[in-house]
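What follows is the content of protein_37.txt, which has compact mmCIF, C-alpha atoms and all ligand atoms:
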# COMPACT_ATOMS: atom_id res chain seq x y z
CA MET A 1 -17.28 71.14 10.91
CA SER A 2 -17.03 71.36 7.12
CA VAL A 3 -19.71 73.08 5.01
CA THR A 4 -20.62 69.69 3.68
CA GLU A 5 -21.27 68.26 7.13
CA THR A 6 -23.30 71.31 8.13
CA GLN A 7 -25.42 70.98 4.98
CA ALA A 8 -25.94 67.31 5.59
CA ARG A 9 -27.10 67.96 9.15
CA GLY A 10 -29.51 70.62 7.90
CA ARG A 11 -31.47 68.02 5.94
CA ALA A 12 -31.26 65.54 8.79
CA THR A 13 -33.36 67.84 10.98
CA SER A 14 -35.55 69.79 8.51
CA LYS A 15 -37.10 68.09 5.49
CA PRO A 16 -37.36 70.38 2.44
CA ILE A 17 -40.89 71.48 1.54
CA GLY A 18 -42.50 69.70 -1.42
CA ILE A 19 -43.17 71.27 -4.82
CA PRO A 20 -46.90 71.88 -5.46
CA GLY A 21 -48.30 69.50 -8.08
CA ILE A 22 -45.37 67.05 -7.95
CA LYS A 23 -46.16 63.89 -6.00
CA HIS A 24 -42.75 62.20 -5.89
CA ILE A 25 -39.26 63.40 -6.81
CA VAL A 26 -36.74 60.65 -7.48
CA ALA A 27 -33.03 61.33 -7.91
CA VAL A 28 -30.97 59.05 -10.15
CA ALA A 29 -27.34 59.07 -9.05
CA SER A 30 -24.07 57.32 -9.74
CA GLY A 31 -20.75 57.21 -7.96
CA LYS A 32 -18.95 58.30 -11.12
CA GLY A 33 -19.52 59.30 -14.73
CA GLY A 34 -19.90 56.98 -17.69
CA VAL A 35 -21.84 54.18 -15.97
CA GLY A 36 -25.06 54.95 -17.86
CA LYS A 37 -26.84 57.15 -15.31
CA SER A 38 -28.39 59.48 -17.90
CA THR A 39 -29.45 56.64 -20.20
CA THR A 40 -31.02 54.88 -17.22
CA SER A 41 -32.76 58.09 -15.98
CA CYS A 42 -34.25 58.66 -19.42
CA ASN A 43 -35.52 55.10 -19.84
CA LEU A 44 -36.72 54.94 -16.23
CA ALA A 45 -38.76 58.13 -16.76
CA LEU A 46 -40.23 56.56 -19.92
CA GLY A 47 -40.83 53.38 -17.92
CA PHE A 48 -42.97 55.36 -15.45
CA ALA A 49 -44.82 56.91 -18.40
CA ALA A 50 -45.41 53.41 -19.83
CA HIS A 51 -47.39 52.68 -16.66
CA GLY A 52 -49.64 55.63 -17.44
CA LEU A 53 -48.02 57.98 -14.93
CA LYS A 54 -47.50 61.71 -15.47
CA VAL A 55 -43.75 62.13 -15.64
CA GLY A 56 -41.11 64.84 -15.90
CA ILE A 57 -37.34 64.67 -16.03
CA LEU A 58 -35.00 67.37 -14.79
CA ASP A 59 -31.49 67.09 -16.16
CA ALA A 60 -29.37 68.37 -13.30
CA ASP A 61 -26.16 66.91 -14.76
CA ILE A 62 -24.99 70.44 -15.25
CA TYR A 63 -21.50 69.54 -16.43
CA GLY A 64 -22.68 67.10 -19.09
CA PRO A 65 -26.40 67.50 -19.80
CA SER A 66 -27.47 64.52 -21.93
CA GLN A 67 -31.27 64.55 -21.75
CA PRO A 68 -31.82 66.87 -24.77
CA LYS A 69 -29.86 64.39 -26.91
CA LEU A 70 -31.40 61.30 -25.36
CA PHE A 71 -34.94 62.65 -25.95
CA GLY A 72 -34.01 64.02 -29.38
CA LEU A 73 -35.00 67.56 -28.32
CA ARG A 74 -33.61 70.82 -29.68
CA GLY A 75 -34.46 74.47 -29.26
CA LYS A 76 -35.30 76.54 -26.24
CA PRO A 77 -38.16 76.19 -23.78
CA ARG A 78 -40.87 78.85 -24.06
CA LEU A 79 -41.07 81.58 -21.46
CA ILE A 80 -44.55 81.88 -19.97
CA GLY A 81 -45.10 84.98 -17.87
CA ALA A 82 -42.17 86.88 -16.46
CA ARG A 83 -40.01 84.08 -15.08
CA THR A 84 -41.63 80.73 -15.74
CA LEU A 85 -40.40 78.31 -18.37
CA GLU A 86 -42.52 75.72 -20.07
CA PRO A 87 -40.77 72.34 -20.09
CA MET A 88 -40.17 70.69 -23.46
CA GLU A 89 -42.11 67.49 -24.06
CA ARG A 90 -41.34 64.27 -25.93
CA PHE A 91 -42.71 60.74 -25.77
CA GLY A 92 -45.19 61.99 -23.16
CA VAL A 93 -42.46 63.12 -20.73
CA LYS A 94 -41.80 66.75 -19.74
CA VAL A 95 -38.11 67.56 -20.02
CA MET A 96 -36.03 70.43 -18.65
CA SER A 97 -32.28 70.66 -18.97
CA VAL A 98 -29.66 73.30 -18.53
CA GLY A 99 -28.56 72.07 -21.96
CA PHE A 100 -31.57 73.94 -23.43
CA LEU A 101 -30.56 77.17 -21.79
CA VAL A 102 -26.81 77.67 -21.99
CA GLU A 103 -23.81 76.47 -23.96
CA GLU A 104 -22.28 73.40 -22.33
CA ALA A 105 -18.88 75.08 -22.16
CA LEU A 106 -20.39 77.92 -20.14
CA ALA A 107 -22.00 75.68 -17.52
CA MET A 108 -18.69 73.84 -17.18
CA ILE A 109 -17.10 76.88 -15.57
CA TRP A 110 -19.95 77.66 -13.19
CA ARG A 111 -19.06 77.72 -9.55
CA GLY A 112 -21.01 75.75 -6.94
CA PRO A 113 -23.55 78.46 -6.00
CA MET A 114 -24.38 79.12 -9.68
CA VAL A 115 -24.95 75.42 -10.24
CA ILE A 116 -27.27 75.25 -7.25
CA SER A 117 -29.17 78.35 -8.30
CA ALA A 118 -29.63 76.97 -11.85
CA ILE A 119 -31.00 73.70 -10.50
CA THR A 120 -33.27 75.43 -7.99
CA GLN A 121 -34.67 77.57 -10.82
CA MET A 122 -35.30 74.52 -12.95
CA LEU A 123 -37.32 73.06 -10.08
CA ASP A 124 -39.22 76.14 -8.96
CA GLU A 125 -39.54 78.27 -12.09
CA VAL A 126 -40.63 75.62 -14.54
CA ALA A 127 -44.33 74.96 -15.17
CA TRP A 128 -44.14 71.25 -14.41
CA GLY A 129 -47.89 71.02 -13.83
CA ASP A 130 -49.25 67.93 -12.09
CA LEU A 131 -46.73 65.09 -12.06
CA ASP A 132 -46.78 61.68 -10.43
CA VAL A 133 -43.00 61.46 -10.66
CA LEU A 134 -40.21 63.91 -11.42
CA VAL A 135 -36.94 62.12 -12.16
CA ILE A 136 -33.79 64.14 -11.49
CA ASP A 137 -30.68 63.09 -13.40
CA LEU A 138 -28.03 64.14 -10.87
CA PRO A 139 -24.44 65.07 -11.70
CA PRO A 140 -22.14 62.06 -11.21
CA GLY A 141 -20.39 61.55 -7.89
CA THR A 142 -20.91 63.06 -4.49
CA GLY A 143 -19.68 66.59 -5.14
CA ASP A 144 -21.19 69.77 -3.82
CA ALA A 145 -23.93 69.98 -6.47
CA SER A 146 -25.19 66.42 -5.82
CA LEU A 147 -25.03 66.86 -2.06
CA THR A 148 -26.90 70.16 -2.14
CA ILE A 149 -29.63 68.71 -4.35
CA ALA A 150 -29.88 65.69 -2.04
CA GLN A 151 -30.18 67.99 0.93
CA GLN A 152 -32.34 70.82 -0.41
CA THR A 153 -34.72 69.03 -2.76
CA PRO A 154 -37.77 67.25 -1.35
CA LEU A 155 -36.65 63.85 -2.63
CA ALA A 156 -38.90 60.84 -2.14
CA GLY A 157 -35.84 58.70 -2.71
CA ALA A 158 -32.76 57.93 -4.76
CA VAL A 159 -31.92 55.25 -7.32
CA ILE A 160 -28.23 54.49 -7.81
CA VAL A 161 -26.81 53.24 -11.09
CA SER A 162 -23.60 51.20 -10.99
CA THR A 163 -21.63 48.96 -13.27
CA PRO A 164 -20.71 45.59 -11.74
CA GLN A 165 -16.95 45.90 -11.26
CA ASP A 166 -15.32 46.63 -7.90
CA ILE A 167 -13.93 50.00 -8.90
CA ALA A 168 -17.43 51.32 -9.69
CA LEU A 169 -18.86 49.77 -6.55
CA ILE A 170 -16.41 51.69 -4.37
CA ASP A 171 -17.87 54.93 -5.78
CA THR A 172 -21.38 53.55 -5.40
CA ARG A 173 -20.74 53.08 -1.67
CA ARG A 174 -19.91 56.80 -1.46
CA SER A 175 -23.22 57.70 -3.10
CA VAL A 176 -25.11 55.44 -0.71
CA ALA A 177 -23.32 57.04 2.24
CA MET A 178 -24.18 60.52 0.96
CA PHE A 179 -27.92 59.81 0.71
CA ARG A 180 -27.95 58.12 4.09
CA LYS A 181 -26.20 61.05 5.66
CA VAL A 182 -28.94 63.41 4.48
CA ASN A 183 -31.76 60.92 5.25
CA VAL A 184 -32.91 60.37 1.67
CA PRO A 185 -34.47 56.89 1.32
CA LEU A 186 -32.58 54.57 -1.03
CA LEU A 187 -35.03 53.11 -3.51
CA GLY A 188 -32.42 50.75 -4.88
CA ILE A 189 -29.39 50.00 -7.03
CA ILE A 190 -29.50 49.16 -10.75
CA GLU A 191 -26.62 47.19 -12.29
CA ASN A 192 -26.02 48.67 -15.75
CA MET A 193 -23.82 47.14 -18.45
CA SER A 194 -24.33 43.93 -16.53
CA SER A 195 -23.31 41.57 -19.32
CA PHE A 196 -22.83 41.69 -23.07
CA CYS A 197 -24.82 39.47 -25.41
CA CYS A 198 -23.12 39.19 -28.81
CA PRO A 199 -25.71 40.13 -31.46
CA ASP A 200 -24.06 37.71 -33.93
CA CYS A 201 -23.55 34.52 -31.95
CA GLY A 202 -25.67 35.14 -28.83
CA HIS A 203 -22.72 34.43 -26.52
CA VAL A 204 -23.04 36.28 -23.21
CA SER A 205 -19.82 37.85 -21.85
CA PRO A 206 -19.70 39.55 -18.46
CA ILE A 207 -17.36 42.31 -19.72
CA PHE A 208 -17.39 44.27 -16.47
CA GLY A 209 -18.09 41.22 -14.35
CA HIS A 210 -21.61 40.36 -13.34
CA GLY A 211 -23.65 40.42 -10.17
CA GLY A 212 -21.35 42.78 -8.24
CA ALA A 213 -24.05 45.38 -7.64
CA ARG A 214 -26.56 42.79 -6.42
CA ILE A 215 -24.08 41.42 -3.89
CA GLU A 216 -23.15 44.94 -2.79
CA ALA A 217 -26.82 45.96 -2.48
CA GLU A 218 -27.51 42.95 -0.24
CA ARG A 219 -24.42 43.67 1.83
CA ILE A 220 -25.35 47.27 2.53
CA GLY A 221 -29.09 46.66 2.90
CA VAL A 222 -30.35 48.52 -0.19
CA PRO A 223 -32.97 46.97 -2.54
CA PHE A 224 -31.57 45.56 -5.78
CA LEU A 225 -33.72 46.76 -8.69
CA GLY A 226 -32.34 44.74 -11.57
CA GLU A 227 -29.72 44.28 -14.27
CA ILE A 228 -29.56 46.06 -17.62
CA PRO A 229 -27.19 44.40 -20.12
CA LEU A 230 -24.66 46.22 -22.26
CA ASP A 231 -26.47 46.19 -25.56
CA ILE A 232 -25.92 47.93 -28.85
CA ARG A 233 -29.64 48.73 -29.25
CA ILE A 234 -29.59 50.68 -25.99
CA ARG A 235 -26.53 52.63 -27.15
CA MET A 236 -27.84 53.25 -30.66
CA THR A 237 -31.35 54.32 -29.69
CA SER A 238 -29.84 56.66 -27.06
CA ASP A 239 -27.50 58.27 -29.59
CA GLU A 240 -30.34 58.68 -32.07
CA GLY A 241 -32.61 60.43 -29.55
CA ARG A 242 -35.09 57.56 -29.79
CA PRO A 243 -34.85 55.93 -26.34
CA ILE A 244 -35.54 52.21 -26.36
CA VAL A 245 -38.48 52.28 -23.92
CA ALA A 246 -40.30 54.79 -26.16
CA THR A 247 -39.43 53.36 -29.56
CA GLU A 248 -39.04 49.61 -28.94
CA PRO A 249 -41.35 49.08 -25.96
CA GLU A 250 -41.80 45.39 -26.70
CA SER A 251 -38.04 44.68 -26.67
CA VAL A 252 -36.50 42.68 -23.84
CA HIS A 253 -34.47 45.68 -22.69
CA ALA A 254 -37.40 48.10 -22.67
CA LYS A 255 -39.31 45.58 -20.57
CA LEU A 256 -36.46 45.52 -18.06
CA TYR A 257 -36.64 49.30 -17.60
CA ILE A 258 -40.45 49.21 -17.41
CA GLY A 259 -40.22 46.46 -14.77
CA ILE A 260 -37.77 48.51 -12.71
CA ALA A 261 -40.04 51.57 -12.99
CA ARG A 262 -42.94 49.46 -11.70
CA HIS A 263 -40.86 48.34 -8.73
CA VAL A 264 -39.85 51.92 -7.90
CA TRP A 265 -43.41 53.19 -8.33
CA LEU A 266 -44.70 50.50 -5.94
CA ALA A 267 -42.17 51.61 -3.33
CA LEU A 268 -43.17 55.26 -3.80
CA SER A 269 -46.92 54.79 -3.92
CA THR A 270 -47.14 52.40 -0.99
CA GLY A 271 -44.89 54.58 1.16
CA ARG A 272 -42.29 51.82 1.47
CA ALA A 273 -39.66 54.33 0.40
CA ASN A 274 -40.36 56.43 3.46
CA LYS A 275 -39.29 53.86 5.97
CA PRO A 276 -36.30 54.94 8.04
CA ALA A 277 -32.93 54.32 6.38
CA PRO A 278 -31.44 50.96 7.27
CA ARG A 279 -28.67 50.64 9.81
CA ILE A 280 -25.40 52.21 8.67
CA VAL A 281 -22.68 49.63 8.08
CA ILE A 282 -19.34 50.83 9.44
CA GLU A 283 -16.62 49.88 6.94
P1 LIG A 301 -23.46 58.71 -17.51
O1 LIG A 301 -24.71 59.52 -17.44
O2 LIG A 301 -23.30 57.78 -16.33
O3 LIG A 301 -22.22 59.50 -17.76
P2 LIG A 301 -24.45 57.77 -20.08
O4 LIG A 301 -25.87 57.44 -19.78
O5 LIG A 301 -24.17 59.07 -20.76
O6 LIG A 301 -23.58 57.69 -18.74
O7 LIG A 301 -23.85 56.56 -20.88
C1 LIG A 301 -22.52 56.53 -21.34
C2 LIG A 301 -22.47 55.80 -22.67
O8 LIG A 301 -22.83 54.44 -22.46
C3 LIG A 301 -23.46 56.32 -23.71
O9 LIG A 301 -22.87 56.24 -24.98
C4 LIG A 301 -24.65 55.36 -23.61
O10 LIG A 301 -25.35 55.24 -24.85
C5 LIG A 301 -23.94 54.07 -23.28
N1 LIG A 301 -24.76 53.16 -22.47
C6 LIG A 301 -25.32 53.37 -21.27
N2 LIG A 301 -25.96 52.27 -20.82
C7 LIG A 301 -25.81 51.33 -21.79
C8 LIG A 301 -26.22 49.98 -21.96
N3 LIG A 301 -26.92 49.34 -20.99
N4 LIG A 301 -25.90 49.34 -23.09
C9 LIG A 301 -25.17 49.97 -24.07
N5 LIG A 301 -24.74 51.22 -23.98
C10 LIG A 301 -25.04 51.90 -22.86
Take the structure in this file and express it as structure tokens.
Amino acid sequence: MSVTETQARGRATSKPIGIPGIKHIVAVASGKGGVGKSTTSCNLALGFAAHGLKVGILDADIYGPSQPKLFGLRGKPRLIGARTLEPMERFGVKVMSVGFLVEEALAMIWRGPMVISAITQMLDEVAWGDLDVLVIDLPPGTGDASLTIAQQTPLAGAVIVSTPQDIALIDTRRSVAMFRKVNVPLLGIIENMSSFCCPDCGHVSPIFGHGGARIEAERIGVPFLGEIPLDIRIRMTSDEGRPIVATEPESVHAKLYIGIARHVWLALSTGRANKPAPRIVIE
């Protein structure tokens, strides 16, 4: 049996112990990079906060930490006591990222166990305080780091971000399979970059196709959480460190994220997310 299979079985039999003070930990995953996972994690966390929840975000995308930039945060977290770090805070959300702690180029060459130890530290040795939800921005794909987090972290569930086209959906299926293998409830799939609305003429073009993730979600029995269009305001506000949900909360796009956060929170708070995983579809 491979290490991966052994790890997966570990979670299947023994659920990791929760983190004191944190009610629900939600992983945001994607089958591959570049589909908007970090942007979605950031705006989803802000969406929870918009509902008055106490929220933190842990940027576990060790090979490309984006949360410092997305939240417009610089500097280093303060050390409190011998080993505990105080998370940074912006727009009412507590933020911790390996990007605050080491040069990106250094983390790039970390081996698997170092990645895992860094993430474990960011969970256990950060003064998160009382949180309703901690969002974890996972590394893309189903590599060792993602699998270990899925297996060793007390996740309430996972949200998967996909673009609509077939090629992305193939990777999305792998992510779904990974979470099912380690018995992490799937809270749902979000279709990002769903369509493009021209800011000049208002014409809507389905650049990457449209509706693929919804069809796939129905096929594999995972809730479909909604569509986020490809929109220049989302890209610009992300690049400027002024995420759209925090800075343009009345915009159509912010409302989409806030609506998705409400949906996810309902699943978490009513225990719907803890239902047994649906039947596995053999491809
Ligand atoms: P990932 O975390 O999957 O690698 P990112 O969140 O870093 O992806 O997004 C990749 C790029 O796409 C970024 O420049 C981001 O601003 C942009 N982006 C993500 N989602 C959208 C969207 N819905 N509309 C416009 N740009 C987006």
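Proximity to region 123-126 of chain A at 8 Å, evaluated using all atoms listed in the file and with sequence-adjacent residues fewer than 5 positions away removed, yields A:Ile19, A:Leu58, A:Arg83, A:Thr84, A:Leu85, A:Glu86, A:Pro87.
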Item checked: Neighbourhood of ligand LIG 301 (chain A) at 10 Å, counting all atoms listed in the file, reported as a PyMOL selection string -> chain A and resi 28-43+61+64-67+69-70+137-141+161-163+191-196+227-240+243+253
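Reported to one decimal place, the separation of CA of Ser251 (chain A) from CA of Val95 (chain A) is 23.8 Å.
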Next item on the list: Work out how far CA of Leu101 (chain A) is from CA of Leu147 (chain A), in Å to one decimal.
Entry: 22.9 Å
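Computed from the coordinates, the CA of Lys54 (chain A) to CA of Pro20 (chain A) distance equals 14.3 Å.
Taking all atoms listed in the file into account, the protein, DNA and RNA residues within 8 Å of (-37.9, 67.0, -24.8) read Gln67, Pro68, Phe71, Gly72, Leu73, Arg74, Pro87, Met88, Glu89, Arg90, Phe91, Val93, Lys94, Val95 and Met96 of chain A.
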Margin query: Which residues are close to Gly226 (chain A), i.e. within 12 Å by all atoms listed in the file, leaving aside same-chain residues fewer than 4 positions away? Reply as JSON, numbers by chain.
Written below: {"A": [40, 159, 160, 161, 162, 163, 164, 187, 188, 189, 190, 191, 192, 193, 194, 210, 211, 212, 213, 214, 215, 217, 253, 255, 256, 257, 258, 259, 260, 261, 262, 263, 264]}
Selection from above, C-alpha atoms, as a compact mmCIF listing (two decimals), keeping the file's coordinate frame, can you write it?
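Everything below was put into result-v6.txt:
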# COMPACT_ATOMS: atom_id res chain seq x y z
CA THR A 40 -31.02 54.88 -17.22
CA VAL A 159 -31.92 55.25 -7.32
CA ILE A 160 -28.23 54.49 -7.81
CA VAL A 161 -26.81 53.24 -11.09
CA SER A 162 -23.60 51.20 -10.99
CA THR A 163 -21.63 48.96 -13.27
CA PRO A 164 -20.71 45.59 -11.74
CA LEU A 187 -35.03 53.11 -3.51
CA GLY A 188 -32.42 50.75 -4.88
CA ILE A 189 -29.39 50.00 -7.03
CA ILE A 190 -29.50 49.16 -10.75
CA GLU A 191 -26.62 47.19 -12.29
CA ASN A 192 -26.02 48.67 -15.75
CA MET A 193 -23.82 47.14 -18.45
CA SER A 194 -24.33 43.93 -16.53
CA HIS A 210 -21.61 40.36 -13.34
CA GLY A 211 -23.65 40.42 -10.17
CA GLY A 212 -21.35 42.78 -8.24
CA ALA A 213 -24.05 45.38 -7.64
CA ARG A 214 -26.56 42.79 -6.42
CA ILE A 215 -24.08 41.42 -3.89
CA ALA A 217 -26.82 45.96 -2.48
CA HIS A 253 -34.47 45.68 -22.69
CA LYS A 255 -39.31 45.58 -20.57
CA LEU A 256 -36.46 45.52 -18.06
CA TYR A 257 -36.64 49.30 -17.60
CA ILE A 258 -40.45 49.21 -17.41
CA GLY A 259 -40.22 46.46 -14.77
CA ILE A 260 -37.77 48.51 -12.71
CA ALA A 261 -40.04 51.57 -12.99
CA ARG A 262 -42.94 49.46 -11.70
CA HIS A 263 -40.86 48.34 -8.73
CA VAL A 264 -39.85 51.92 -7.90
Notebook entry, point to check: Can you list, as a PyMOL selection string, every protein, DNA or RNA residue that comes within 6 Å of Gln152 (chain A) when you count all atoms listed in the file, leaving out same-chain residues fewer than 3 positions away?
Noted result: chain A and resi 16+148-149
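Proximity to Leu79 (chain A) was assessed for A:Ala127, A:Ile17, A:Leu134, A:Ile207 counting all atoms listed in the file; the smallest distance is recorded for A:Ala127.
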